[in-house]
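Data from data28.cif: mmCIF, C-alpha atoms and all ligand atoms
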```cif
data_model
#
loop_
_atom_site.label_atom_id
_atom_site.label_comp_id
_atom_site.auth_asym_id
_atom_site.auth_seq_id
_atom_site.Cartn_x
_atom_site.Cartn_y
_atom_site.Cartn_z
CA MET Q 958 6.69 -41.27 -13.39
CA THR Q 959 6.48 -44.96 -12.38
CA ALA Q 960 3.54 -45.83 -10.18
CA PRO Q 961 3.66 -48.52 -7.47
CA HIS Q 962 0.79 -50.51 -8.88
CA GLU Q 963 -2.26 -51.85 -7.26
CA THR Q 964 -0.82 -55.35 -7.02
CA GLY Q 965 2.40 -54.23 -5.29
CA THR Q 966 3.45 -55.67 -1.94
CA ALA Q 967 1.72 -54.49 1.23
CA PRO Q 968 4.60 -52.14 2.18
CA GLU Q 969 4.57 -50.70 -1.37
CA ARG Q 970 0.83 -50.05 -1.20
CA GLU Q 971 1.13 -48.53 2.26
CA MET Q 972 3.95 -46.23 1.21
CA ALA Q 973 2.16 -45.28 -2.03
CA ASP Q 974 -0.63 -44.01 0.21
CA VAL Q 975 1.93 -42.01 2.19
CA VAL Q 976 3.33 -40.49 -1.03
CA ARG Q 977 -0.20 -39.60 -2.23
CA SER Q 978 -0.94 -38.01 1.11
CA ILE Q 979 2.25 -35.90 1.06
CA ARG Q 980 1.47 -34.73 -2.47
CA ASP Q 981 -2.12 -33.88 -1.48
CA THR Q 982 -0.90 -31.85 1.49
CA VAL Q 983 1.55 -29.89 -0.66
CA LYS Q 984 -1.18 -29.27 -3.24
CA ARG Q 985 -3.54 -28.03 -0.51
CA HIS Q 986 -0.79 -25.69 0.67
CA SER Q 987 -0.23 -24.37 -2.86
CA SER Q 988 -3.88 -23.72 -3.55
CA ARG Q 989 -4.22 -22.02 -0.16
CA PHE Q 990 -1.38 -19.67 -1.08
CA GLU Q 991 -2.85 -19.03 -4.52
CA ARG Q 992 -6.00 -17.73 -2.76
CA SER Q 993 -4.23 -15.75 -0.05
CA ILE Q 994 -2.53 -12.37 0.32
CA PRO Q 995 1.09 -13.29 1.16
CA LEU Q 996 2.75 -10.54 3.19
CA ILE Q 997 5.74 -12.31 4.77
CA ALA Q 998 8.63 -9.90 4.21
CA SER Q 999 11.15 -12.73 3.70
CA GLU Q 1000 9.23 -14.71 1.07
CA ASN Q 1001 8.90 -14.46 -2.69
CA LEU Q 1002 8.02 -16.47 -5.80
CA LEU Q 1003 10.55 -18.10 -8.10
CA SER Q 1004 10.31 -17.53 -11.85
CA PRO Q 1005 9.50 -20.48 -14.15
CA TYR Q 1006 12.98 -20.57 -15.69
CA ALA Q 1007 14.64 -20.56 -12.26
CA LYS Q 1008 12.21 -23.07 -10.80
CA GLU Q 1009 12.66 -25.71 -13.51
CA LEU Q 1010 16.37 -25.95 -12.64
CA LEU Q 1011 15.50 -27.09 -9.13
CA ILE Q 1012 14.50 -30.48 -10.51
CA SER Q 1013 17.36 -30.67 -13.04
CA ASP Q 1014 20.20 -33.23 -12.83
CA PHE Q 1015 22.32 -30.60 -11.07
CA HIS Q 1016 20.39 -31.60 -7.98
CA SER Q 1017 22.00 -35.05 -8.01
CA ARG Q 1018 25.64 -34.02 -8.30
CA TYR Q 1019 28.65 -33.08 -6.23
CA ALA Q 1020 31.00 -30.19 -7.01
CA GLU Q 1021 33.27 -29.45 -4.08
CA GLY Q 1022 35.84 -26.72 -4.53
CA LEU Q 1023 35.91 -23.90 -7.07
CA PRO Q 1024 35.10 -24.02 -10.81
CA GLY Q 1025 38.07 -25.64 -12.58
CA GLU Q 1026 39.48 -26.97 -9.28
CA ARG Q 1027 36.95 -29.62 -8.26
CA TYR Q 1028 37.41 -32.78 -6.26
CA TYR Q 1029 35.01 -34.74 -8.56
CA GLU Q 1030 34.86 -35.46 -12.28
CA GLY Q 1031 31.87 -34.58 -14.45
CA ASN Q 1032 31.66 -30.93 -13.38
CA GLU Q 1033 32.36 -29.12 -16.67
CA GLN Q 1034 28.78 -27.86 -17.15
CA VAL Q 1035 28.43 -27.09 -13.45
CA ASP Q 1036 31.62 -25.03 -13.69
CA GLU Q 1037 30.26 -23.16 -16.70
CA VAL Q 1038 27.02 -22.28 -14.89
CA GLU Q 1039 28.80 -21.38 -11.65
CA ARG Q 1040 31.20 -19.06 -13.50
CA THR Q 1041 28.20 -17.38 -15.13
CA CYS Q 1042 26.51 -17.09 -11.74
CA LEU Q 1043 29.62 -15.46 -10.23
CA ASP Q 1044 29.97 -13.04 -13.16
CA LEU Q 1045 26.29 -12.06 -12.96
CA ALA Q 1046 26.55 -11.53 -9.18
CA LYS Q 1047 29.54 -9.20 -9.59
CA ARG Q 1048 27.80 -7.29 -12.36
CA LEU Q 1049 24.51 -6.99 -10.47
CA PHE Q 1050 26.17 -5.72 -7.28
CA ARG Q 1051 29.02 -3.81 -8.95
CA CYS Q 1052 31.67 -5.64 -6.90
CA SER Q 1053 34.91 -7.58 -7.34
CA PHE Q 1054 34.28 -10.79 -5.37
CA ALA Q 1055 31.44 -13.31 -5.14
CA ASP Q 1056 31.00 -16.77 -3.67
CA VAL Q 1057 27.72 -18.57 -4.39
CA ARG Q 1058 28.43 -21.75 -2.46
CA PRO Q 1059 26.82 -20.99 0.93
CA ILE Q 1060 23.49 -22.81 0.90
CA SER Q 1061 21.56 -20.24 2.95
CA GLY Q 1062 21.87 -16.79 4.49
CA THR Q 1063 22.71 -18.15 7.92
CA VAL Q 1064 25.39 -20.41 6.43
CA ALA Q 1065 26.82 -17.36 4.63
CA ASN Q 1066 26.88 -15.53 7.97
CA LEU Q 1067 28.72 -18.43 9.59
CA ALA Q 1068 31.27 -18.32 6.76
CA VAL Q 1069 31.88 -14.59 7.27
CA LEU Q 1070 32.31 -15.11 11.01
CA LYS Q 1071 34.73 -17.97 10.36
CA ALA Q 1072 36.76 -15.85 7.92
CA LEU Q 1073 36.81 -12.55 9.81
CA ALA Q 1074 36.52 -13.32 13.52
CA GLU Q 1075 38.01 -15.62 16.12
CA PRO Q 1076 36.28 -17.03 19.20
CA GLY Q 1077 36.20 -14.37 21.90
CA ASP Q 1078 36.22 -11.43 19.45
CA LEU Q 1079 33.78 -8.56 19.87
CA VAL Q 1080 31.37 -7.96 16.98
CA GLY Q 1081 29.08 -4.93 16.71
CA THR Q 1082 25.40 -5.62 15.91
CA SER Q 1083 21.81 -4.64 16.70
CA ARG Q 1084 19.55 -6.22 19.31
CA LEU Q 1085 16.92 -8.79 18.32
CA ALA Q 1086 14.15 -6.54 19.66
CA ASN Q 1087 15.40 -3.79 17.36
CA GLY Q 1088 15.10 -6.08 14.37
CA ALA Q 1089 18.37 -8.05 14.21
CA HIS Q 1090 18.45 -11.55 12.70
CA ILE Q 1091 18.93 -14.52 15.00
CA SER Q 1092 22.45 -14.92 13.54
CA SER Q 1093 23.46 -12.20 16.03
CA ALA Q 1094 22.18 -14.17 19.03
CA SER Q 1095 24.17 -16.30 21.44
CA PHE Q 1096 21.91 -19.20 20.38
CA GLY Q 1097 22.63 -18.43 16.70
CA ALA Q 1098 25.72 -17.96 14.49
CA PHE Q 1099 27.44 -15.57 16.94
CA GLY Q 1100 27.23 -18.21 19.67
CA MET Q 1101 28.40 -20.94 17.27
CA ARG Q 1102 31.54 -18.94 16.46
CA GLY Q 1103 31.97 -17.89 20.08
CA VAL Q 1104 32.02 -14.15 19.35
CA LYS Q 1105 30.52 -11.61 21.73
CA PRO Q 1106 27.97 -9.00 20.59
CA VAL Q 1107 28.52 -5.29 21.14
CA TYR Q 1108 25.12 -3.64 20.75
CA TYR Q 1109 24.66 -0.41 18.83
CA ALA Q 1110 22.53 2.36 20.32
CA TRP Q 1111 19.11 2.45 18.71
CA ASP Q 1112 16.84 5.28 17.62
CA ALA Q 1113 13.38 3.71 17.95
CA GLU Q 1114 11.58 6.69 16.40
CA ARG Q 1115 13.65 6.52 13.26
CA MET Q 1116 14.04 2.72 13.41
CA THR Q 1117 17.75 2.82 12.76
CA ILE Q 1118 21.09 3.04 14.55
CA ASP Q 1119 21.69 6.14 16.67
CA VAL Q 1120 24.94 7.31 15.08
CA PRO Q 1121 26.43 9.66 17.72
CA ARG Q 1122 25.84 7.26 20.62
CA THR Q 1123 27.04 4.29 18.57
CA ARG Q 1124 30.24 6.13 17.65
CA GLU Q 1125 30.94 6.47 21.38
CA ILE Q 1126 30.27 2.76 21.95
CA LEU Q 1127 32.56 1.73 19.09
CA LEU Q 1128 35.36 4.00 20.24
CA ALA Q 1129 35.09 2.72 23.81
CA VAL Q 1130 34.71 -1.01 23.09
CA ARG Q 1131 36.54 -1.36 19.73
CA PRO Q 1132 34.89 -4.42 18.15
CA LYS Q 1133 36.81 -6.23 15.43
CA LEU Q 1134 33.87 -6.48 13.06
CA CYS Q 1135 30.70 -4.37 12.67
CA LEU Q 1136 27.58 -6.12 11.35
CA PHE Q 1137 24.81 -4.09 9.73
CA GLY Q 1138 21.53 -5.54 8.58
CA LEU Q 1139 18.20 -6.55 10.04
CA SER Q 1140 15.20 -8.81 9.68
CA LEU Q 1141 12.85 -5.94 10.46
CA PHE Q 1142 14.53 -3.67 7.97
CA LEU Q 1143 12.68 -0.41 7.37
CA PHE Q 1144 15.45 2.13 6.68
CA PRO Q 1145 19.02 2.09 5.36
CA MET Q 1146 21.73 1.65 7.98
CA PRO Q 1147 24.27 4.43 8.58
CA VAL Q 1148 27.23 2.57 7.12
CA ALA Q 1149 28.82 5.63 5.48
CA GLU Q 1150 28.35 7.70 8.66
CA LEU Q 1151 30.07 5.05 10.80
CA ALA Q 1152 32.78 4.13 8.27
CA PRO Q 1153 35.34 6.70 9.58
CA THR Q 1154 34.88 5.36 13.13
CA MET Q 1155 35.33 1.79 11.93
CA GLU Q 1156 38.49 2.83 10.14
CA GLN Q 1157 39.75 4.62 13.25
CA ILE Q 1158 39.39 1.49 15.41
CA GLY Q 1159 40.47 -0.95 12.67
CA ALA Q 1160 37.08 -2.69 12.48
CA ARG Q 1161 35.77 -4.24 9.26
CA GLY Q 1162 32.24 -3.50 8.06
CA TRP Q 1163 29.95 -6.46 7.27
CA TYR Q 1164 26.44 -6.11 5.85
CA ASP Q 1165 23.75 -8.82 6.04
CA ALA Q 1166 21.63 -7.90 3.04
CA ALA Q 1167 19.24 -10.86 3.12
CA HIS Q 1168 16.11 -8.73 3.28
CA VAL Q 1169 17.13 -5.91 0.99
CA LEU Q 1170 19.32 -7.72 -1.55
CA GLY Q 1171 16.98 -7.11 -4.49
CA LEU Q 1172 16.48 -3.48 -3.48
CA ILE Q 1173 20.25 -2.89 -3.34
CA ALA Q 1174 20.67 -4.52 -6.76
CA GLY Q 1175 17.76 -2.46 -8.09
CA GLY Q 1176 19.29 0.80 -6.87
CA GLU Q 1177 16.45 1.45 -4.39
CA PHE Q 1178 18.25 1.16 -1.07
CA GLN Q 1179 21.79 1.80 0.08
CA ASP Q 1180 24.91 0.33 -1.53
CA PRO Q 1181 26.88 -1.03 1.43
CA LEU Q 1182 29.89 -2.35 -0.50
CA HIS Q 1183 30.50 1.20 -1.72
CA GLU Q 1184 29.77 2.88 1.61
CA GLY Q 1185 32.30 1.19 3.90
CA CYS Q 1186 31.52 -2.53 4.22
CA VAL Q 1187 34.15 -4.97 2.91
CA VAL Q 1188 31.83 -7.98 2.89
CA LEU Q 1189 28.14 -8.62 2.29
CA SER Q 1190 26.29 -11.85 3.09
CA ALA Q 1191 22.73 -12.70 2.15
CA SER Q 1192 20.06 -15.21 1.46
CA THR Q 1193 18.69 -14.93 -2.05
CA HIS Q 1194 14.90 -15.37 -1.91
CA LYS Q 1195 13.44 -12.24 -0.33
CA THR Q 1196 13.49 -8.98 -2.29
CA LEU Q 1197 15.84 -10.77 -4.69
CA PRO Q 1198 13.25 -13.25 -6.00
CA GLY Q 1199 15.65 -16.18 -6.30
CA PRO Q 1200 15.86 -19.71 -4.91
CA GLN Q 1201 16.53 -20.48 -1.24
CA HIS Q 1202 20.31 -20.11 -1.27
CA GLY Q 1203 23.17 -18.03 0.18
CA LEU Q 1204 25.69 -15.53 -1.15
CA ILE Q 1205 28.86 -13.73 -0.10
CA LEU Q 1206 30.09 -10.62 -1.91
CA GLY Q 1207 33.14 -8.44 -1.39
CA ASN Q 1208 34.64 -5.34 -2.86
CA ALA Q 1209 37.93 -4.94 -1.04
CA PRO Q 1210 41.09 -4.91 -3.15
CA ASP Q 1211 42.38 -7.67 -0.88
CA PRO Q 1212 42.96 -11.13 -2.47
CA GLU Q 1213 43.91 -12.52 0.94
CA LEU Q 1214 40.46 -11.58 2.30
CA ASP Q 1215 38.76 -13.14 -0.74
CA LYS Q 1216 40.72 -16.36 -0.13
CA ARG Q 1217 39.70 -16.46 3.51
CA LEU Q 1218 36.05 -16.05 2.54
CA GLN Q 1219 36.34 -18.81 -0.08
CA SER Q 1220 37.97 -21.20 2.32
CA ALA Q 1221 35.34 -20.41 4.97
CA ALA Q 1222 32.59 -21.21 2.42
CA PHE Q 1223 34.32 -24.48 1.50
CA PRO Q 1224 35.49 -26.50 3.38
CA GLY Q 1225 34.45 -24.30 6.32
CA VAL Q 1226 30.66 -24.35 6.28
CA THR Q 1227 29.77 -26.50 3.26
CA SER Q 1228 30.97 -29.73 1.75
CA ASN Q 1229 29.04 -29.98 -1.51
CA HIS Q 1230 27.05 -26.91 -2.36
CA HIS Q 1231 23.56 -27.05 -3.86
CA LEU Q 1232 24.14 -26.98 -7.59
CA HIS Q 1233 20.49 -26.91 -8.65
CA THR Q 1234 19.74 -23.84 -6.53
CA MET Q 1235 23.01 -22.23 -7.69
CA ALA Q 1236 21.84 -22.64 -11.31
CA ALA Q 1237 18.43 -21.21 -10.42
CA LEU Q 1238 20.23 -18.32 -8.72
CA ALA Q 1239 22.11 -17.56 -11.94
CA VAL Q 1240 18.78 -17.28 -13.76
CA SER Q 1241 17.39 -15.05 -11.00
CA PHE Q 1242 20.44 -12.75 -11.24
CA ALA Q 1243 19.96 -12.49 -15.02
CA GLU Q 1244 16.26 -11.71 -14.58
CA HIS Q 1245 17.04 -9.11 -11.92
CA LEU Q 1246 19.52 -7.45 -14.26
CA ALA Q 1247 16.70 -7.26 -16.81
CA PHE Q 1248 13.71 -6.41 -14.57
CA GLY Q 1249 15.07 -5.66 -11.09
CA ARG Q 1250 15.08 -1.87 -11.16
CA GLU Q 1251 11.38 -1.63 -11.88
CA TYR Q 1252 10.57 -4.47 -9.47
CA ALA Q 1253 12.54 -2.86 -6.63
CA ARG Q 1254 10.94 0.53 -7.27
CA GLN Q 1255 7.41 -0.88 -7.18
CA THR Q 1256 8.14 -3.06 -4.12
CA VAL Q 1257 9.17 -0.01 -2.09
CA ALA Q 1258 6.31 2.12 -3.48
CA ASN Q 1259 3.85 -0.61 -2.46
CA ALA Q 1260 5.29 -0.84 1.07
CA ARG Q 1261 4.98 2.92 1.54
CA ALA Q 1262 1.43 2.86 0.15
CA LEU Q 1263 0.48 0.00 2.47
CA GLY Q 1264 1.92 1.86 5.48
CA GLN Q 1265 0.03 5.01 4.55
CA ALA Q 1266 -3.28 3.21 3.97
CA LEU Q 1267 -3.04 1.32 7.27
CA HIS Q 1268 -2.14 4.53 9.10
CA GLU Q 1269 -5.19 6.26 7.61
CA ARG Q 1270 -7.32 3.39 8.91
CA GLY Q 1271 -6.10 3.92 12.47
CA PHE Q 1272 -3.32 1.36 12.69
CA ASP Q 1273 -0.18 2.23 14.65
CA VAL Q 1274 2.32 1.93 11.80
CA LEU Q 1275 5.89 2.64 12.90
CA ALA Q 1276 7.83 5.67 11.66
CA PRO Q 1277 4.93 7.77 10.33
CA GLU Q 1278 7.14 10.89 10.18
CA LEU Q 1279 9.47 9.10 7.78
CA GLY Q 1280 6.86 7.72 5.41
CA PHE Q 1281 6.77 4.40 7.32
CA THR Q 1282 9.53 2.68 5.35
CA ARG Q 1283 12.15 2.97 2.62
CA SER Q 1284 12.21 -0.79 2.04
CA HIS Q 1285 9.81 -3.66 1.33
CA THR Q 1286 8.71 -3.88 4.97
CA VAL Q 1287 6.16 -2.17 7.19
CA ALA Q 1288 5.94 -2.69 10.96
CA VAL Q 1289 2.63 -2.29 12.77
CA ARG Q 1290 2.21 -2.16 16.55
CA VAL Q 1291 -0.96 -4.17 17.18
CA ALA Q 1292 -1.16 -3.91 20.99
CA ASN Q 1293 -4.71 -2.54 20.55
CA GLU Q 1294 -5.64 -5.37 18.19
CA GLY Q 1295 -4.75 -8.15 20.64
CA GLY Q 1296 -0.96 -8.26 20.24
CA GLY Q 1297 1.24 -9.72 17.52
CA GLU Q 1298 0.43 -13.38 17.97
CA ALA Q 1299 -3.36 -13.02 18.06
CA ALA Q 1300 -3.43 -10.50 15.21
CA ALA Q 1301 -1.19 -12.60 12.95
CA ARG Q 1302 -3.25 -15.71 13.65
CA ARG Q 1303 -6.53 -13.96 12.93
CA LEU Q 1304 -5.13 -12.49 9.73
CA ALA Q 1305 -4.05 -15.97 8.63
CA GLU Q 1306 -7.56 -17.29 9.27
CA ALA Q 1307 -8.71 -14.58 6.88
CA GLY Q 1308 -6.20 -15.55 4.19
CA ILE Q 1309 -3.70 -12.77 4.92
CA ILE Q 1310 -0.32 -14.31 5.75
CA THR Q 1311 1.98 -12.24 8.03
CA ASN Q 1312 4.16 -12.89 11.05
CA LYS Q 1313 4.21 -11.66 14.63
CA ASN Q 1314 7.32 -9.59 15.28
CA LEU Q 1315 9.21 -8.11 18.19
CA LEU Q 1316 9.26 -4.31 18.16
CA PRO Q 1317 11.51 -1.88 20.04
CA GLY Q 1318 10.25 -1.64 23.61
CA ASP Q 1319 8.85 -5.18 23.71
CA THR Q 1320 9.69 -6.66 27.06
CA SER Q 1321 8.84 -10.30 26.44
CA PRO Q 1322 10.21 -12.20 23.42
CA LYS Q 1323 7.23 -14.53 23.80
CA HIS Q 1324 4.67 -11.74 23.43
CA PRO Q 1325 5.65 -9.54 20.49
CA GLN Q 1326 3.46 -6.50 20.05
CA GLY Q 1327 3.99 -6.17 16.33
CA VAL Q 1328 3.21 -7.71 12.99
CA ARG Q 1329 5.68 -7.43 10.12
CA LEU Q 1330 4.30 -6.94 6.62
CA GLY Q 1331 6.26 -7.20 3.39
CA THR Q 1332 5.46 -6.45 -0.22
CA PRO Q 1333 7.94 -8.63 -2.22
CA GLU Q 1334 5.41 -11.28 -3.20
CA VAL Q 1335 2.31 -9.16 -3.80
CA THR Q 1336 4.45 -6.91 -6.01
CA ARG Q 1337 5.80 -9.92 -7.88
CA VAL Q 1338 2.27 -10.95 -8.91
CA GLY Q 1339 1.59 -7.44 -10.17
CA MET Q 1340 -0.18 -5.62 -7.34
CA ARG Q 1341 0.28 -1.87 -7.07
CA GLU Q 1342 -0.72 1.01 -4.79
CA ARG Q 1343 -4.46 0.53 -5.42
CA GLU Q 1344 -4.30 -3.05 -4.15
CA MET Q 1345 -2.33 -1.94 -1.08
CA ALA Q 1346 -5.26 0.33 -0.16
CA ARG Q 1347 -7.63 -2.64 -0.57
CA ILE Q 1348 -5.42 -4.82 1.65
CA ALA Q 1349 -5.49 -2.12 4.35
CA GLU Q 1350 -9.28 -2.12 4.07
CA LEU Q 1351 -9.30 -5.89 4.69
CA PHE Q 1352 -7.11 -5.38 7.79
CA ASP Q 1353 -9.56 -2.77 9.02
CA ASP Q 1354 -12.60 -4.97 8.35
CA LEU Q 1355 -11.05 -7.87 10.23
CA LEU Q 1356 -9.19 -6.28 13.13
CA HIS Q 1357 -11.24 -3.12 13.78
CA ARG Q 1358 -14.75 -3.82 12.46
CA GLN Q 1359 -14.74 -7.48 13.58
CA ARG Q 1360 -16.00 -8.74 10.24
CA PRO Q 1361 -15.91 -12.59 10.30
CA ALA Q 1362 -12.65 -14.15 9.11
CA ALA Q 1363 -14.49 -16.30 6.54
CA GLU Q 1364 -15.94 -13.19 4.86
CA VAL Q 1365 -12.59 -11.40 4.80
CA SER Q 1366 -10.97 -14.57 3.47
CA SER Q 1367 -13.43 -14.61 0.53
CA ALA Q 1368 -12.68 -10.95 -0.16
CA ALA Q 1369 -8.92 -11.67 -0.01
CA ALA Q 1370 -9.31 -14.58 -2.45
CA GLU Q 1371 -11.33 -12.38 -4.79
CA LEU Q 1372 -8.61 -9.73 -4.74
CA LYS Q 1373 -5.93 -12.34 -5.38
CA SER Q 1374 -7.86 -13.94 -8.24
CA GLY Q 1375 -6.99 -10.93 -10.38
CA PHE Q 1376 -3.25 -11.65 -9.94
CA THR Q 1377 -2.50 -15.11 -11.24
CA GLY Q 1378 0.65 -14.38 -13.25
CA LEU Q 1379 4.20 -13.48 -12.30
CA LYS Q 1380 5.81 -10.20 -13.34
CA TYR Q 1381 9.42 -9.02 -13.62
CA CYS Q 1382 10.76 -12.29 -15.06
CA PHE Q 1383 10.95 -14.23 -18.32
CA GLY Q 1384 8.07 -16.60 -19.07
CA ALA Q 1385 5.70 -14.42 -17.03
CA GLY Q 1386 1.93 -14.62 -17.31
CA GLU Q 1387 -0.78 -17.09 -16.44
CA ALA Q 1388 1.35 -20.12 -17.26
CA ALA Q 1389 4.01 -18.94 -14.85
CA TYR Q 1390 1.77 -19.08 -11.85
CA ARG Q 1391 0.37 -22.49 -12.85
CA PHE Q 1392 3.97 -23.67 -12.63
CA TYR Q 1393 3.09 -24.30 -9.00
CA ASP Q 1394 1.31 -27.48 -10.03
CA LEU Q 1395 3.22 -30.67 -9.34
CA VAL Q 1396 4.67 -32.32 -12.43
CA GLY Q 1397 4.19 -36.05 -11.75
CA HIS Q 1398 1.18 -38.40 -11.87
CA GLU Q 1399 -0.43 -39.90 -8.80
CA PRO Q 1400 1.33 -43.09 -7.63
N1 LIG Q 1501 13.73 -15.58 9.50
C1 LIG Q 1501 13.86 -14.82 8.27
C2 LIG Q 1501 12.91 -13.68 8.25
O1 LIG Q 1501 11.73 -13.94 8.16
O2 LIG Q 1501 13.31 -12.53 8.31
C3 LIG Q 1501 15.25 -14.40 8.05
O3 LIG Q 1501 16.09 -15.52 8.02
#
```

Could you render the structure as structure tokens?
Amino acid sequence: MTAPHETGTAPEREMADVVRSIRDTVKRHSSRFERSIPLIASENLLSPYAKELLISDFHSRYAEGLPGERYYEGNEQVDEVERTCLDLAKRLFRCSFADVRPISGTVANLAVLKALAEPGDLVGTSRLANGAHISSASFGAFGMRGVKPVYYAWDAERMTIDVPRTREILLAVRPKLCLFGLSLFLFPMPVAELAPTMEQIGARGWYDAAHVLGLIAGGEFQDPLHEGCVVLSASTHKTLPGPQHGLILGNAPDPELDKRLQSAAFPGVTSNHHLHTMAALAVSFAEHLAFGREYARQTVANARALGQALHERGFDVLAPELGFTRSHTVAVRVANEGGGEAAARRLAEAGIITNKNLLPGDTSPKHPQGVRLGTPEVTRVGMREREMARIAELFDDLLHRQRPAAEVSSAAAELKSGFTGLKYCFGAGEAAYRFYDLVGHEP
């Protein structure tokens, strides 16, 4: 990499300092995360073979349109990789349609709304306090498309939709589209149970699988495209350990619907798509076909073990009667530990990275009473049930026994130091984790 040299102009020297400072900050961030216990339910680590494609020449190119029907020249290899990506997506999710051009989960949601709803339409969804993604909010994708939410009835004990009461709502209000999927996603949604009602009112089923995509692919959750949803949207970097990207899948024998989704993806909500992340996604799909079943199984087993261990240490983990979770996520009400914001901040000081989260019954969006914990990343580095028990012990030490954050942080770093490689991908092992290092020299 060329270095602005010592005798460069004053602006060059000044900006070289800025570049050094940005690199130092990113390196500090990386080494902090290498020492910490990462429990954000929506984060994961990218495999070496996926990650190297992020800095490939694909990053620099344009490929508007579909493979073989582009608006630019020079796309033959991009087309080849995109066709592979589409084939792998359909194989992984056992479906007939895929579009990998949305550049994020929210962009995929906007595309679905553009394809399947008109401004003023009613769309069924869950409330934010019950775990819905901000796409459902008036200040999010729903508001952008001008559709109006129809809220499902919620069973807070079982942390899922209350089917009988929701049937009544759907029959009375008759939304055009019914969205399933959450950001606080503990249990499968009753898609199959509500499918006959959707059919009766002529509503289409839509599933936002961002959080549980890798679990669905791994056969560890529900299978919405075979239970009554005609379209599935997702981001691709949570339980599916891929790059930050978006995805739309379908399984309706309806070419007209597929065309609408494609035209909503481009030119609706993207111009170019992100070719480097699309290529990385193809690698991630291939790796999930090879390793995803075992990864999904262990991710869920770890989440259930973490819930159980926290419960045994006196934490108010939601849904104890149901084994706390069937996904990668555990929700803990921390009203007695200072509330969500204070607990999450204190955990971060101790090297345990989580997020505050609204829980059912929360009255103020600014003061969530929960923290959300996820096991995608700790599973990816090889942790199992025994480490989940140790993490619960660290929570207890910090939030119940008031052990100083610095001491808990050292204990967290010691635990993490035994997990420096990636699992469930090609090129795994020590070298894989060191892939976090930046590749260039100092300017
Ligand atoms: N905000 C993300 C999450 O953490 O769930 C979803 O987009």

request  = Considering only C-alpha atoms, state which residue in the set Q:His1268, Q:Ala1098, Q:Phe1376, Q:Ile1205 is at the smallest distance from Leu1218 (chain Q).
outcome  =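 Between Q:His1268, Q:Ala1098, Q:Phe1376, Q:Ile1205, the residue approaching Leu1218 (chain Q) most closely is Q:Ile1205.
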
Listing only residues of region 1101-1175 of chain Q within 8 Å of region 1180-1202 of chain Q, what is the closest atom pair and its distance in Å (to one decimal) for each, using only C-alpha atoms, sorted by chain and residue number ascending, as a tab-separated table?
```
residue	atom	partner	partner_atom	distance
Q:Val1148	CA	Q:Glu1184	CA	6.1
Q:Ala1149	CA	Q:Glu1184	CA	4.8
Q:Ala1152	CA	Q:Gly1185	CA	5.3
Q:Arg1161	CA	Q:Val1187	CA	6.6
Q:Gly1162	CA	Q:Cys1186	CA	4.0
Q:Trp1163	CA	Q:Val1188	CA	5.0
Q:Tyr1164	CA	Q:Leu1189	CA	4.7
Q:Asp1165	CA	Q:Ser1190	CA	4.9
Q:Ala1166	CA	Q:Ala1191	CA	5.0
Q:Ala1167	CA	Q:Ala1191	CA	4.1
Q:His1168	CA	Q:Lys1195	CA	5.7
Q:Val1169	CA	Q:Thr1196	CA	5.8
Q:Leu1170	CA	Q:Leu1197	CA	5.6
Q:Gly1171	CA	Q:Leu1197	CA	3.8
Q:Leu1172	CA	Q:Thr1196	CA	6.4
Q:Ile1173	CA	Q:Asp1180	CA	5.9
```

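With all atoms listed in the file as the basis for measurement, Q:Thr1286 is the residue among Q:Thr1227, Q:Thr1286, Q:Asn1208, Q:Asn1032 that approaches ligand LIG 1501 (chain Q) most closely.
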
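The environment of Leu1067 (chain Q) within 9 Å, counting all atoms listed in the file and disregarding residues fewer than 5 places along the same chain, consists of Gly1062, Ala1072, Ser1092, Ala1098, Phe1099, Met1101, Arg1102, Ala1221, Ala1222, Gly1225 and Val1226 of chain Q.
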
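Near ligand LIG 1501 (chain Q), at a distance of at most 9 Å and with all atoms listed in the file counted, sit the residues Ile997, Ala998, Ser999, Glu1000, Ser1061, Gly1062, Thr1063, Ala1089, His1090, Ile1091, Ser1092, Leu1139, Ser1140, Leu1141, Phe1142, Ala1167, His1168, Ser1192, Lys1195 and Asn1312 of chain Q.
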
Keeping C-alpha atoms, export the residues of the selection given above as an mmCIF file, in the frame of the given file.
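Contents of the output file result_35.cif:
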```cif
data_model
loop_
_atom_site.group_PDB
_atom_site.id
_atom_site.type_symbol
_atom_site.label_atom_id
_atom_site.label_comp_id
_atom_site.auth_asym_id
_atom_site.auth_seq_id
_atom_site.Cartn_x
_atom_site.Cartn_y
_atom_site.Cartn_z
ATOM 1 C CA ILE Q 997 5.740 -12.310 4.770
ATOM 2 C CA ALA Q 998 8.630 -9.900 4.210
ATOM 3 C CA SER Q 999 11.150 -12.730 3.700
ATOM 4 C CA GLU Q 1000 9.230 -14.710 1.070
ATOM 5 C CA SER Q 1061 21.560 -20.240 2.950
ATOM 6 C CA GLY Q 1062 21.870 -16.790 4.490
ATOM 7 C CA THR Q 1063 22.710 -18.150 7.920
ATOM 8 C CA ALA Q 1089 18.370 -8.050 14.210
ATOM 9 C CA HIS Q 1090 18.450 -11.550 12.700
ATOM 10 C CA ILE Q 1091 18.930 -14.520 15.000
ATOM 11 C CA SER Q 1092 22.450 -14.920 13.540
ATOM 12 C CA LEU Q 1139 18.200 -6.550 10.040
ATOM 13 C CA SER Q 1140 15.200 -8.810 9.680
ATOM 14 C CA LEU Q 1141 12.850 -5.940 10.460
ATOM 15 C CA PHE Q 1142 14.530 -3.670 7.970
ATOM 16 C CA ALA Q 1167 19.240 -10.860 3.120
ATOM 17 C CA HIS Q 1168 16.110 -8.730 3.280
ATOM 18 C CA SER Q 1192 20.060 -15.210 1.460
ATOM 19 C CA LYS Q 1195 13.440 -12.240 -0.330
ATOM 20 C CA ASN Q 1312 4.160 -12.890 11.050
#
```
